[in-house]
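Structure data (PDB, C-alpha atoms) from entry_32.pdb:
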```
ATOM      1  CA  MET A   1     113.471  89.042  88.622
ATOM      2  CA  SER A   2     111.424  88.230  91.699
ATOM      3  CA  ALA A   3     109.104  90.851  93.171
ATOM      4  CA  ALA A   4     110.522  93.152  95.841
ATOM      5  CA  ILE A   5     107.644  92.140  98.135
ATOM      6  CA  ALA A   6     105.828  88.831  97.709
ATOM      7  CA  LEU A   7     103.156  87.331  99.969
ATOM      8  CA  GLU A   8     102.078  83.785  99.174
ATOM      9  CA  SER A   9      98.976  82.423 100.960
ATOM     10  CA  VAL A  10      99.849  84.285 104.167
ATOM     11  CA  SER A  11      97.714  83.876 107.290
ATOM     12  CA  LYS A  12      98.193  85.137 110.842
ATOM     13  CA  ARG A  13      96.592  83.643 113.922
ATOM     14  CA  TYR A  14      96.589  84.752 117.534
ATOM     15  CA  GLY A  15      95.479  81.725 119.508
ATOM     16  CA  PRO A  16      92.268  80.413 117.931
ATOM     17  CA  LYS A  17      91.513  83.696 116.153
ATOM     18  CA  THR A  18      92.674  84.160 112.546
ATOM     19  CA  ILE A  19      93.497  87.820 111.836
ATOM     20  CA  ILE A  20      94.831  87.494 108.273
ATOM     21  CA  HIS A  21      93.308  84.959 105.887
ATOM     22  CA  ASP A  22      95.310  83.499 102.979
ATOM     23  CA  VAL A  23      96.589  86.800 101.553
ATOM     24  CA  SER A  24      98.709  86.827  98.370
ATOM     25  CA  PHE A  25     100.057  89.804  96.404
ATOM     26  CA  THR A  26     103.307  91.312  95.100
ATOM     27  CA  VAL A  27     104.947  94.732  94.845
ATOM     28  CA  GLU A  28     107.589  95.348  92.174
ATOM     29  CA  LYS A  29     110.527  97.744  92.283
ATOM     30  CA  GLY A  30     109.497 101.133  90.945
ATOM     31  CA  GLU A  31     105.879 100.613  92.028
ATOM     32  CA  ILE A  32     103.752 102.254  94.709
ATOM     33  CA  VAL A  33     100.927  99.987  95.836
ATOM     34  CA  GLY A  34      98.168 101.304  98.058
ATOM     35  CA  PHE A  35      97.016  98.963 100.810
ATOM     36  CA  LEU A  36      93.475 100.179 101.362
ATOM     37  CA  GLY A  37      90.979  99.209 104.024
ATOM     38  CA  PRO A  38      88.999 100.517 106.987
ATOM     39  CA  ASN A  39      90.563 100.747 110.430
ATOM     40  CA  GLY A  40      90.974  97.256 111.851
ATOM     41  CA  ALA A  41      90.971  95.588 108.419
ATOM     42  CA  GLY A  42      94.377  93.916 108.925
ATOM     43  CA  LYS A  43      96.638  96.422 107.175
ATOM     44  CA  THR A  44      99.038  97.024 110.066
ATOM     45  CA  THR A  45      99.288  93.321 110.950
ATOM     46  CA  THR A  46     100.205  92.536 107.342
ATOM     47  CA  MET A  47     102.764  95.368 107.263
ATOM     48  CA  ARG A  48     104.322  94.098 110.495
ATOM     49  CA  MET A  49     104.703  90.621 108.985
ATOM     50  CA  ILE A  50     106.436  92.099 105.938
ATOM     51  CA  ALA A  51     108.687  94.203 108.187
ATOM     52  CA  GLY A  52     109.603  91.177 110.302
ATOM     53  CA  PHE A  53     108.092  92.407 113.575
ATOM     54  CA  THR A  54     105.847  89.355 113.675
ATOM     55  CA  THR A  55     105.882  86.081 111.753
ATOM     56  CA  ALA A  56     103.206  84.572 109.550
ATOM     57  CA  SER A  57     101.341  81.572 110.962
ATOM     58  CA  ALA A  58     101.095  80.096 107.459
ATOM     59  CA  GLY A  59     102.340  80.954 104.004
ATOM     60  CA  THR A  60     105.481  82.783 102.897
ATOM     61  CA  VAL A  61     106.577  86.417 103.087
ATOM     62  CA  ARG A  62     109.550  87.364 100.894
ATOM     63  CA  VAL A  63     111.336  90.717 100.748
ATOM     64  CA  ALA A  64     113.933  91.266  98.001
ATOM     65  CA  GLY A  65     113.891  87.502  97.475
ATOM     66  CA  PHE A  66     114.600  86.645 101.134
ATOM     67  CA  ASP A  67     112.202  84.571 103.223
ATOM     68  CA  MET A  68     111.210  86.553 106.336
ATOM     69  CA  ALA A  69     110.848  83.323 108.319
ATOM     70  CA  THR A  70     114.386  82.011 107.702
ATOM     71  CA  GLN A  71     116.376  84.986 106.337
ATOM     72  CA  ASN A  72     114.957  87.786 108.461
ATOM     73  CA  GLU A  73     118.244  89.610 108.993
ATOM     74  CA  GLU A  74     119.130  89.748 105.294
ATOM     75  CA  ALA A  75     115.630  90.906 104.413
ATOM     76  CA  ALA A  76     115.609  93.562 107.163
ATOM     77  CA  ARG A  77     118.681  95.229 105.657
ATOM     78  CA  ARG A  78     116.596  96.000 102.586
ATOM     79  CA  ILE A  79     113.561  97.453 104.356
ATOM     80  CA  GLY A  80     112.752 101.014 105.313
ATOM     81  CA  TYR A  81     109.749 101.057 107.655
ATOM     82  CA  LEU A  82     107.583 103.937 108.815
ATOM     83  CA  PRO A  83     105.013 102.735 111.357
ATOM     84  CA  GLU A  84     101.913 104.836 111.990
ATOM     85  CA  THR A  85     103.668 106.524 114.920
ATOM     86  CA  PRO A  86     107.237 107.414 113.807
ATOM     87  CA  PRO A  87     109.974 105.953 116.062
ATOM     88  CA  LEU A  88     111.528 109.300 117.075
ATOM     89  CA  TYR A  89     113.738 110.288 120.021
ATOM     90  CA  ASP A  90     112.525 113.652 121.259
ATOM     91  CA  THR A  91     115.707 114.572 123.169
ATOM     92  CA  LEU A  92     117.884 114.538 120.025
ATOM     93  CA  ASP A  93     117.974 117.127 117.299
ATOM     94  CA  VAL A  94     117.092 116.099 113.738
ATOM     95  CA  SER A  95     120.690 115.700 112.574
ATOM     96  CA  ASP A  96     121.750 113.646 115.611
ATOM     97  CA  TYR A  97     118.681 111.431 115.351
ATOM     98  CA  LEU A  98     119.327 110.653 111.690
ATOM     99  CA  ARG A  99     123.013 110.034 112.395
ATOM    100  CA  PHE A 100     122.048 107.574 115.149
ATOM    101  CA  VAL A 101     119.641 105.679 112.862
ATOM    102  CA  ALA A 102     122.233 105.615 110.075
ATOM    103  CA  LYS A 103     124.795 104.024 112.400
ATOM    104  CA  VAL A 104     122.254 101.390 113.483
ATOM    105  CA  LYS A 105     121.623 100.621 109.801
ATOM    106  CA  GLY A 106     125.330 100.169 109.172
ATOM    107  CA  VAL A 107     126.065 103.323 107.173
ATOM    108  CA  THR A 108     129.846 103.792 107.191
ATOM    109  CA  ARG A 109     131.602 106.882 108.533
ATOM    110  CA  THR A 110     132.790 107.862 105.045
ATOM    111  CA  ALA A 111     129.281 107.580 103.591
ATOM    112  CA  MET A 112     127.520 109.234 106.541
ATOM    113  CA  ARG A 113     127.568 112.875 105.407
ATOM    114  CA  GLY A 114     126.337 112.115 101.920
ATOM    115  CA  GLU A 115     123.596 109.788 103.182
ATOM    116  CA  LEU A 116     122.309 112.356 105.693
ATOM    117  CA  ASP A 117     122.292 115.069 103.035
ATOM    118  CA  ARG A 118     120.403 112.777 100.671
ATOM    119  CA  VAL A 119     117.500 112.020 103.013
ATOM    120  CA  ILE A 120     117.344 115.555 104.439
ATOM    121  CA  THR A 121     116.967 116.913 100.902
ATOM    122  CA  ALA A 122     114.538 114.191  99.795
ATOM    123  CA  CYS A 123     112.254 114.819 102.785
ATOM    124  CA  ARG A 124     112.695 118.611 102.802
ATOM    125  CA  LEU A 125     114.101 118.845 106.311
ATOM    126  CA  GLU A 126     116.709 121.537 105.637
ATOM    127  CA  ALA A 127     114.868 124.158 107.701
ATOM    128  CA  VAL A 128     114.792 122.015 110.871
ATOM    129  CA  VAL A 129     118.028 120.047 110.712
ATOM    130  CA  THR A 130     119.358 121.518 113.991
ATOM    131  CA  ARG A 131     116.001 121.621 115.777
ATOM    132  CA  GLU A 132     115.187 119.245 118.641
ATOM    133  CA  VAL A 133     112.739 116.561 117.641
ATOM    134  CA  TYR A 134     110.240 117.441 120.378
ATOM    135  CA  LYS A 135     109.873 120.932 118.838
ATOM    136  CA  LEU A 136     108.829 119.626 115.425
ATOM    137  CA  SER A 137     105.311 120.011 114.046
ATOM    138  CA  LYS A 138     103.298 116.907 113.167
ATOM    139  CA  GLY A 139     104.147 117.389 109.492
ATOM    140  CA  TYR A 140     107.876 117.602 110.120
ATOM    141  CA  ARG A 141     107.724 114.567 112.429
ATOM    142  CA  GLN A 142     106.183 112.566 109.570
ATOM    143  CA  ARG A 143     108.897 113.791 107.201
ATOM    144  CA  LEU A 144     111.557 112.800 109.724
ATOM    145  CA  GLY A 145     109.936 109.376 109.995
ATOM    146  CA  LEU A 146     110.158 109.063 106.215
ATOM    147  CA  ALA A 147     113.801 110.172 106.301
ATOM    148  CA  GLN A 148     114.775 107.481 108.814
ATOM    149  CA  ALA A 149     113.015 104.883 106.646
ATOM    150  CA  LEU A 150     115.074 106.020 103.626
ATOM    151  CA  LEU A 151     118.439 105.799 105.347
ATOM    152  CA  GLY A 152     120.649 103.027 104.034
ATOM    153  CA  LYS A 153     119.001 103.099 100.568
ATOM    154  CA  PRO A 154     116.517 100.265 101.225
ATOM    155  CA  GLU A 155     114.937  98.479  98.292
ATOM    156  CA  VAL A 156     111.555  98.326 100.009
ATOM    157  CA  LEU A 157     109.606 101.072 101.795
ATOM    158  CA  LEU A 158     106.713 100.180 104.102
ATOM    159  CA  LEU A 159     104.625 103.220 105.021
ATOM    160  CA  ASP A 160     101.802 102.677 107.517
ATOM    161  CA  GLU A 161      99.245 105.525 107.439
ATOM    162  CA  PRO A 162     101.943 108.130 106.619
ATOM    163  CA  THR A 163      99.501 111.058 106.449
ATOM    164  CA  ALA A 164      97.457 110.224 109.568
ATOM    165  CA  GLY A 165      96.754 113.313 111.655
ATOM    166  CA  LEU A 166      98.168 115.812 109.163
ATOM    167  CA  ASP A 167      96.413 118.954 107.978
ATOM    168  CA  PRO A 168      95.619 119.325 104.236
ATOM    169  CA  GLY A 169      98.806 121.246 103.472
ATOM    170  CA  GLN A 170     100.975 118.701 105.289
ATOM    171  CA  ILE A 171      99.173 115.830 103.536
ATOM    172  CA  GLN A 172      99.943 117.340 100.132
ATOM    173  CA  GLU A 173     103.617 117.824 101.011
ATOM    174  CA  THR A 174     103.921 114.266 102.327
ATOM    175  CA  ARG A 175     102.266 112.833  99.206
ATOM    176  CA  GLU A 176     104.747 114.651  96.986
ATOM    177  CA  VAL A 177     107.660 113.250  98.981
ATOM    178  CA  ILE A 178     106.261 109.694  98.785
ATOM    179  CA  ARG A 179     105.571 110.017  95.051
ATOM    180  CA  SER A 180     109.228 110.888  94.487
ATOM    181  CA  PHE A 181     110.254 107.595  96.126
ATOM    182  CA  GLY A 182     108.314 105.451  93.668
ATOM    183  CA  ALA A 183     110.874 105.369  90.858
ATOM    184  CA  ASP A 184     113.660 103.823  92.943
ATOM    185  CA  HIS A 185     111.846 101.745  95.552
ATOM    186  CA  ALA A 186     109.057  99.247  95.970
ATOM    187  CA  VAL A 187     106.576 101.127  98.144
ATOM    188  CA  LEU A 188     103.665  99.597 100.050
ATOM    189  CA  LEU A 189     101.480 102.391 101.398
ATOM    190  CA  SER A 190      98.867 101.468 103.981
ATOM    191  CA  THR A 191      95.943 103.881 104.255
ATOM    192  CA  HIS A 192      92.194 104.177 104.725
ATOM    193  CA  ILE A 193      92.113 107.489 102.824
ATOM    194  CA  LEU A 194      90.803 107.021  99.279
ATOM    195  CA  PRO A 195      92.433 110.095  97.654
ATOM    196  CA  GLU A 196      95.818 108.771  98.739
ATOM    197  CA  VAL A 197      95.657 105.812  96.381
ATOM    198  CA  THR A 198      94.196 107.650  93.405
ATOM    199  CA  LEU A 199      96.892 110.324  93.512
ATOM    200  CA  ILE A 200     100.095 108.361  94.078
ATOM    201  CA  CYS A 201      99.533 104.611  93.699
ATOM    202  CA  ARG A 202      99.884 102.477  90.580
ATOM    203  CA  ARG A 203      97.839  99.640  92.059
ATOM    204  CA  VAL A 204      95.416  99.244  94.947
ATOM    205  CA  ALA A 205      94.946  96.222  97.216
ATOM    206  CA  ILE A 206      91.653  96.295  99.129
ATOM    207  CA  ILE A 207      91.559  94.384 102.411
ATOM    208  CA  ASN A 208      88.821  93.903 105.003
ATOM    209  CA  HIS A 209      88.446  91.522 107.935
ATOM    210  CA  GLY A 210      91.924  90.214 107.066
ATOM    211  CA  ARG A 211      90.918  89.094 103.574
ATOM    212  CA  LEU A 212      92.280  90.494 100.325
ATOM    213  CA  LEU A 213      89.196  91.443  98.317
ATOM    214  CA  ALA A 214      90.736  92.894  95.154
ATOM    215  CA  ILE A 215      93.992  94.181  93.682
ATOM    216  CA  ASP A 216      94.259  96.254  90.505
ATOM    217  CA  SER A 217      94.977  99.769  89.277
ATOM    218  CA  PRO A 218      92.482 102.411  90.476
ATOM    219  CA  ALA A 219      91.114 102.620  86.923
ATOM    220  CA  GLY A 220      91.042  98.828  86.621
ATOM    221  CA  LEU A 221      88.989  98.471  89.787
ATOM    222  CA  GLN A 222      86.485 100.931  88.400
ATOM    223  CA  ARG A 223      86.240  99.134  85.056
ATOM    224  CA  ALA A 224      85.928  95.738  86.735
ATOM    225  CA  SER A 225      83.107  96.826  88.994
ATOM    226  CA  GLU A 226      80.099  97.313  86.774
ATOM    227  CA  GLN A 227      77.889  96.538  89.747
ATOM    228  CA  THR A 228      78.523 100.082  90.953
ATOM    229  CA  ASN A 229      76.604 101.397  87.906
ATOM    230  CA  ARG A 230      73.252 102.345  89.370
ATOM    231  CA  VAL A 231      70.206 104.341  88.436
ATOM    232  CA  SER A 232      67.932 105.557  91.236
ATOM    233  CA  LEU A 233      64.524 107.099  90.676
ATOM    234  CA  THR A 234      61.350 108.154  92.442
ATOM    235  CA  VAL A 235      58.069 107.247  90.746
ATOM    236  CA  THR A 236      54.377 107.117  91.538
ATOM    237  CA  GLY A 237      52.902 103.776  90.499
ATOM    238  CA  PRO A 238      52.152 100.177  91.560
ATOM    239  CA  ALA A 239      55.300  98.534  92.954
ATOM    240  CA  ASP A 240      55.014  95.164  91.190
ATOM    241  CA  ALA A 241      54.259  96.688  87.811
ATOM    242  CA  VAL A 242      57.101  99.238  88.103
ATOM    243  CA  ARG A 243      59.548  96.506  89.063
ATOM    244  CA  ALA A 244      58.478  94.240  86.190
ATOM    245  CA  ALA A 245      58.653  97.017  83.613
ATOM    246  CA  ILE A 246      62.173  98.139  84.586
ATOM    247  CA  THR A 247      63.452  94.564  84.956
ATOM    248  CA  GLY A 248      62.480  93.937  81.335
ATOM    249  CA  ILE A 249      64.839  96.662  80.049
ATOM    250  CA  ASP A 250      67.997  95.334  78.390
ATOM    251  CA  GLY A 251      71.007  96.080  80.594
ATOM    252  CA  VAL A 252      69.139  96.229  83.900
ATOM    253  CA  ASP A 253      70.431  93.454  86.144
ATOM    254  CA  GLU A 254      68.524  94.009  89.377
ATOM    255  CA  VAL A 255      65.678  96.236  90.597
ATOM    256  CA  THR A 256      64.806  97.065  94.197
ATOM    257  CA  VAL A 257      61.570  98.918  94.992
ATOM    258  CA  HIS A 258      60.644 100.499  98.334
ATOM    259  CA  ALA A 259      57.615 102.538  99.397
ATOM    260  CA  THR A 260      58.781 105.938 100.613
ATOM    261  CA  GLY A 261      55.972 106.342 103.124
ATOM    262  CA  SER A 262      55.570 110.001 102.189
ATOM    263  CA  ALA A 263      52.593 109.589  99.866
ATOM    264  CA  ASP A 264      50.360 106.891  98.360
ATOM    265  CA  SER A 265      52.189 104.804  95.728
ATOM    266  CA  LEU A 266      55.368 106.992  95.839
ATOM    267  CA  LEU A 267      58.227 104.544  95.317
ATOM    268  CA  ALA A 268      62.001 104.726  95.655
ATOM    269  CA  VAL A 269      63.541 102.498  92.959
ATOM    270  CA  ASP A 270      67.193 101.415  92.763
ATOM    271  CA  CYS A 271      68.459  99.709  89.588
ATOM    272  CA  ARG A 272      71.784  97.906  89.171
ATOM    273  CA  THR A 273      72.759  98.208  85.513
ATOM    274  CA  ASP A 274      75.571  97.485  83.105
ATOM    275  CA  ALA A 275      77.998 100.227  82.033
ATOM    276  CA  ARG A 276      76.226 101.077  78.774
ATOM    277  CA  GLU A 277      75.730 104.765  78.082
ATOM    278  CA  GLY A 278      72.116 105.903  77.790
ATOM    279  CA  ILE A 279      70.535 103.203  79.893
ATOM    280  CA  GLU A 280      69.052 105.818  82.221
ATOM    281  CA  ALA A 281      67.203 107.294  79.207
ATOM    282  CA  ASP A 282      65.703 103.869  78.457
ATOM    283  CA  ILE A 283      64.519 103.575  82.056
ATOM    284  CA  ALA A 284      63.070 107.094  81.963
ATOM    285  CA  ARG A 285      61.097 106.383  78.762
ATOM    286  CA  VAL A 286      59.578 103.150  80.070
ATOM    287  CA  VAL A 287      58.585 104.663  83.425
ATOM    288  CA  ALA A 288      57.369 108.066  82.193
ATOM    289  CA  SER A 289      55.170 106.469  79.521
ATOM    290  CA  ARG A 290      53.069 104.759  82.199
ATOM    291  CA  TRP A 291      53.513 106.538  85.512
ATOM    292  CA  SER A 292      54.670 109.822  87.051
ATOM    293  CA  LEU A 293      58.480 110.054  87.152
ATOM    294  CA  HIS A 294      59.633 112.547  89.791
ATOM    295  CA  ARG A 295      63.412 112.031  89.901
ATOM    296  CA  LEU A 296      66.103 109.996  88.135
ATOM    297  CA  GLN A 297      69.851 109.909  88.843
ATOM    298  CA  ARG A 298      72.697 107.883  87.308
ATOM    299  CA  GLU A 299      75.592 106.786  89.532
ATOM    300  CA  GLN A 300      78.719 105.606  87.709
ATOM    301  CA  PRO A 301      81.777 103.853  89.134
ATOM    302  CA  THR A 302      84.191 105.798  91.307
ATOM    303  CA  LEU A 303      86.983 104.348  93.405
ATOM    304  CA  GLU A 304      84.982 105.282  96.490
ATOM    305  CA  ASN A 305      81.870 103.301  95.625
ATOM    306  CA  VAL A 306      83.988 100.415  94.318
ATOM    307  CA  PHE A 307      85.727 100.363  97.695
ATOM    308  CA  LEU A 308      82.447 100.557  99.588
ATOM    309  CA  ARG A 309      81.013  97.753  97.462
ATOM    310  CA  TYR A 310      83.901  95.444  98.307
ATOM    311  CA  VAL A 311      84.050  96.376 101.994
ATOM    312  CA  GLY A 312      80.323  96.766 102.566
ATOM    313  CA  GLY A 313      79.513  93.517 100.802
ATOM    314  CA  GLN A 314      81.745  91.387 103.008
ATOM    315  CA  SER A 315      80.358  89.880 106.186
ATOM    316  CA  SER A 316      82.464  89.895 109.313
TER
END
```

Translate the structure of the given file into structure tokens.
Amino acid sequence: MSAAIALESVSKRYGPKTIIHDVSFTVEKGEIVGFLGPNGAGKTTTMRMIAGFTTASAGTVRVAGFDMATQNEEAARRIGYLPETPPLYDTLDVSDYLRFVAKVKGVTRTAMRGELDRVITACRLEAVVTREVYKLSKGYRQRLGLAQALLGKPEVLLLDEPTAGLDPGQIQETREVIRSFGADHAVLLSTHILPEVTLICRRVAIINHGRLLAIDSPAGLQRASEQTNRVSLTVTGPADAVRAAITGIDGVDEVTVHATGSADSLLAVDCRTDAREGIEADIARVVASRWSLHRLQREQPTLENVFLRYVGGQSS
């Protein structure tokens, strides 16, 4: 079976400026993929191409097997889309708003009641079903945005920054709702919040400056990024000799030495190492046997420093 979402060498240009550069990835049914990047990285533009709001300048976007360039209408029937600002009508109450969206999506009169009940329950809107939309809290507005995306039982859910602006309690509630969608939908979740992807996503796609930098499971990104294994230390000694001694240790790939300026010969040393356990002890023995070792700290891979490595290491 083809992927529910498939991008093949997709680029987007506005005039002479290329916003998205040759991006390719897939999302399968039953999978939540986090689309992770800083603000302005190209996440929303990519989501809008998948949703059909704008077309790719090059490459192919397919949703549920349909080409968004030539079969947009068929693909759109299978998409539930929550943009960063939910498309709500403040003058309607929650029930009337959902009924209106359901009619637009082609839900039949006989199926209407059951479909409304389904999304109201899934998004925990029972307490506000008769309340006017303009009276809803930010958290309930996000839930209502999720509910409208779910109407019509779409195969694909596109969620653009679904927890933006929420307080911690609302974020937790929204995450739980999104997690429950994962079994029956292909979900692409755009965010710049790292905990989002570790808690609810099976895979993570990292994007910056419109370029896809990596895609893997959160654990896989950590394993694949041994360059985030670092040992930092402060030592009193001659810079060239300290650098040479540490560079000669098996498993040390790179050594950077800087004078701290706080005292004569006090150096700040940063070592990029492999993932082997105990390498910091080897460094400590070599340094302490010759010079004064004041501090040593091991930094191991986390999703955060993997992300910062990918994003920080890319030029604009």

Point-to-point distance in Å for atom CA of A:Gly37 and atom CA of A:Glu8 |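 For atom CA of A:Glu8 relative to atom CA of A:Gly37, the distance reads 19.6 Å.
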
Can you work out the spacing between atom CA of A:Tyr140 and atom CA of A:Asp184 in Å, to one decimal?
-> 22.8 Å

Separation of atom CA of A:Ile5 from atom CA of A:Ser217 in Å = 17.2 Å

I need the output of the PyMOL selection byres ((chain A and resi 7) around 7) for this file as an mmCIF file with C-alpha atoms, in the frame of the given file; which residues are they?
```cif
data_model
loop_
_atom_site.group_PDB
_atom_site.id
_atom_site.type_symbol
_atom_site.label_atom_id
_atom_site.label_comp_id
_atom_site.auth_asym_id
_atom_site.auth_seq_id
_atom_site.Cartn_x
_atom_site.Cartn_y
_atom_site.Cartn_z
ATOM 1 C CA ILE A 5 107.644 92.140 98.135
ATOM 2 C CA ALA A 6 105.828 88.831 97.709
ATOM 3 C CA GLU A 8 102.078 83.785 99.174
ATOM 4 C CA SER A 9 98.976 82.423 100.960
ATOM 5 C CA VAL A 10 99.849 84.285 104.167
ATOM 6 C CA VAL A 23 96.589 86.800 101.553
ATOM 7 C CA SER A 24 98.709 86.827 98.370
ATOM 8 C CA PHE A 25 100.057 89.804 96.404
ATOM 9 C CA THR A 26 103.307 91.312 95.100
ATOM 10 C CA THR A 60 105.481 82.783 102.897
ATOM 11 C CA VAL A 61 106.577 86.417 103.087
ATOM 12 C CA ARG A 62 109.550 87.364 100.894
#
```

Cut-off 10 Å around (114.3, 101.0, 99.3) with only C-alpha atoms: residues as an mmCIF file with C-alpha atoms, in the frame of the given file:
```cif
data_model
loop_
_atom_site.group_PDB
_atom_site.id
_atom_site.type_symbol
_atom_site.label_atom_id
_atom_site.label_comp_id
_atom_site.auth_asym_id
_atom_site.auth_seq_id
_atom_site.Cartn_x
_atom_site.Cartn_y
_atom_site.Cartn_z
ATOM 1 C CA ALA A 4 110.522 93.152 95.841
ATOM 2 C CA LYS A 29 110.527 97.744 92.283
ATOM 3 C CA GLY A 30 109.497 101.133 90.945
ATOM 4 C CA ALA A 64 113.933 91.266 98.001
ATOM 5 C CA ARG A 77 118.681 95.229 105.657
ATOM 6 C CA ARG A 78 116.596 96.000 102.586
ATOM 7 C CA ILE A 79 113.561 97.453 104.356
ATOM 8 C CA GLY A 80 112.752 101.014 105.313
ATOM 9 C CA TYR A 81 109.749 101.057 107.655
ATOM 10 C CA ALA A 149 113.015 104.883 106.646
ATOM 11 C CA LEU A 150 115.074 106.020 103.626
ATOM 12 C CA LEU A 151 118.439 105.799 105.347
ATOM 13 C CA GLY A 152 120.649 103.027 104.034
ATOM 14 C CA LYS A 153 119.001 103.099 100.568
ATOM 15 C CA PRO A 154 116.517 100.265 101.225
ATOM 16 C CA GLU A 155 114.937 98.479 98.292
ATOM 17 C CA VAL A 156 111.555 98.326 100.009
ATOM 18 C CA LEU A 157 109.606 101.072 101.795
ATOM 19 C CA LEU A 158 106.713 100.180 104.102
ATOM 20 C CA PHE A 181 110.254 107.595 96.126
ATOM 21 C CA GLY A 182 108.314 105.451 93.668
ATOM 22 C CA ASP A 184 113.660 103.823 92.943
ATOM 23 C CA HIS A 185 111.846 101.745 95.552
ATOM 24 C CA ALA A 186 109.057 99.247 95.970
ATOM 25 C CA VAL A 187 106.576 101.127 98.144
#
```

Could you give me, as a PyMOL selection string, the residues that have an atom at most 10 Å away from the point (100.8, 97.6, 95.6) in the coordinates of the file, using all atoms listed in the file?
-> chain A and resi 5+25-28+31-36+186-190+197+201-206+215-217

For the residues in the current selection, export C-alpha atoms as a CSV table (one decimal), in the frame of the given file.
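Writing the result to out39.csv gives the following:
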```
chain,number,residue,atom,x,y,z
A,5,ILE,CA,107.6,92.1,98.1
A,25,PHE,CA,100.1,89.8,96.4
A,26,THR,CA,103.3,91.3,95.1
A,27,VAL,CA,104.9,94.7,94.8
A,28,GLU,CA,107.6,95.3,92.2
A,31,GLU,CA,105.9,100.6,92.0
A,32,ILE,CA,103.8,102.3,94.7
A,33,VAL,CA,100.9,100.0,95.8
A,34,GLY,CA,98.2,101.3,98.1
A,35,PHE,CA,97.0,99.0,100.8
A,36,LEU,CA,93.5,100.2,101.4
A,186,ALA,CA,109.1,99.2,96.0
A,187,VAL,CA,106.6,101.1,98.1
A,188,LEU,CA,103.7,99.6,100.0
A,189,LEU,CA,101.5,102.4,101.4
A,190,SER,CA,98.9,101.5,104.0
A,197,VAL,CA,95.7,105.8,96.4
A,201,CYS,CA,99.5,104.6,93.7
A,202,ARG,CA,99.9,102.5,90.6
A,203,ARG,CA,97.8,99.6,92.1
A,204,VAL,CA,95.4,99.2,94.9
A,205,ALA,CA,94.9,96.2,97.2
A,206,ILE,CA,91.7,96.3,99.1
A,215,ILE,CA,94.0,94.2,93.7
A,216,ASP,CA,94.3,96.3,90.5
A,217,SER,CA,95.0,99.8,89.3
```

Taking the partial coordinates given, rebuild stretch 93-106 of chain A to contain N, CA and C atoms; return it as a short mmCIF file (atom, residue, chain, number, x, y, z; two decimals), in the frame of the given file.
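Saved the output as rebuild-v5.cif:
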```
data_model
loop_
_atom_site.label_atom_id
_atom_site.label_comp_id
_atom_site.auth_asym_id
_atom_site.auth_seq_id
_atom_site.Cartn_x
_atom_site.Cartn_y
_atom_site.Cartn_z
N ASP A 93 118.39 116.27 118.40
CA ASP A 93 117.97 117.13 117.30
C ASP A 93 117.88 116.27 116.03
N VAL A 94 117.36 116.85 114.96
CA VAL A 94 117.09 116.10 113.74
C VAL A 94 118.35 115.45 113.18
N SER A 95 119.44 116.21 113.12
CA SER A 95 120.69 115.70 112.57
C SER A 95 121.23 114.54 113.41
N ASP A 96 121.23 114.70 114.75
CA ASP A 96 121.75 113.65 115.61
C ASP A 96 120.88 112.39 115.54
N TYR A 97 119.57 112.60 115.45
CA TYR A 97 118.68 111.43 115.35
C TYR A 97 118.96 110.65 114.07
N LEU A 98 119.07 111.34 112.96
CA LEU A 98 119.33 110.65 111.69
C LEU A 98 120.70 109.99 111.69
N ARG A 99 121.67 110.63 112.31
CA ARG A 99 123.01 110.03 112.40
C ARG A 99 122.96 108.74 113.22
N PHE A 100 122.19 108.76 114.31
CA PHE A 100 122.05 107.57 115.15
C PHE A 100 121.41 106.43 114.36
N VAL A 101 120.32 106.71 113.63
CA VAL A 101 119.64 105.68 112.86
C VAL A 101 120.56 105.15 111.76
N ALA A 102 121.32 106.04 111.13
CA ALA A 102 122.23 105.62 110.08
C ALA A 102 123.29 104.66 110.61
N LYS A 103 123.81 104.93 111.80
CA LYS A 103 124.80 104.02 112.40
C LYS A 103 124.18 102.66 112.68
N VAL A 104 122.94 102.65 113.21
CA VAL A 104 122.25 101.39 113.48
C VAL A 104 122.07 100.59 112.19
N LYS A 105 121.83 101.29 111.09
CA LYS A 105 121.62 100.62 109.80
C LYS A 105 122.93 100.26 109.11
N GLY A 106 124.05 100.59 109.73
CA GLY A 106 125.33 100.17 109.17
C GLY A 106 125.93 101.11 108.15
#
```
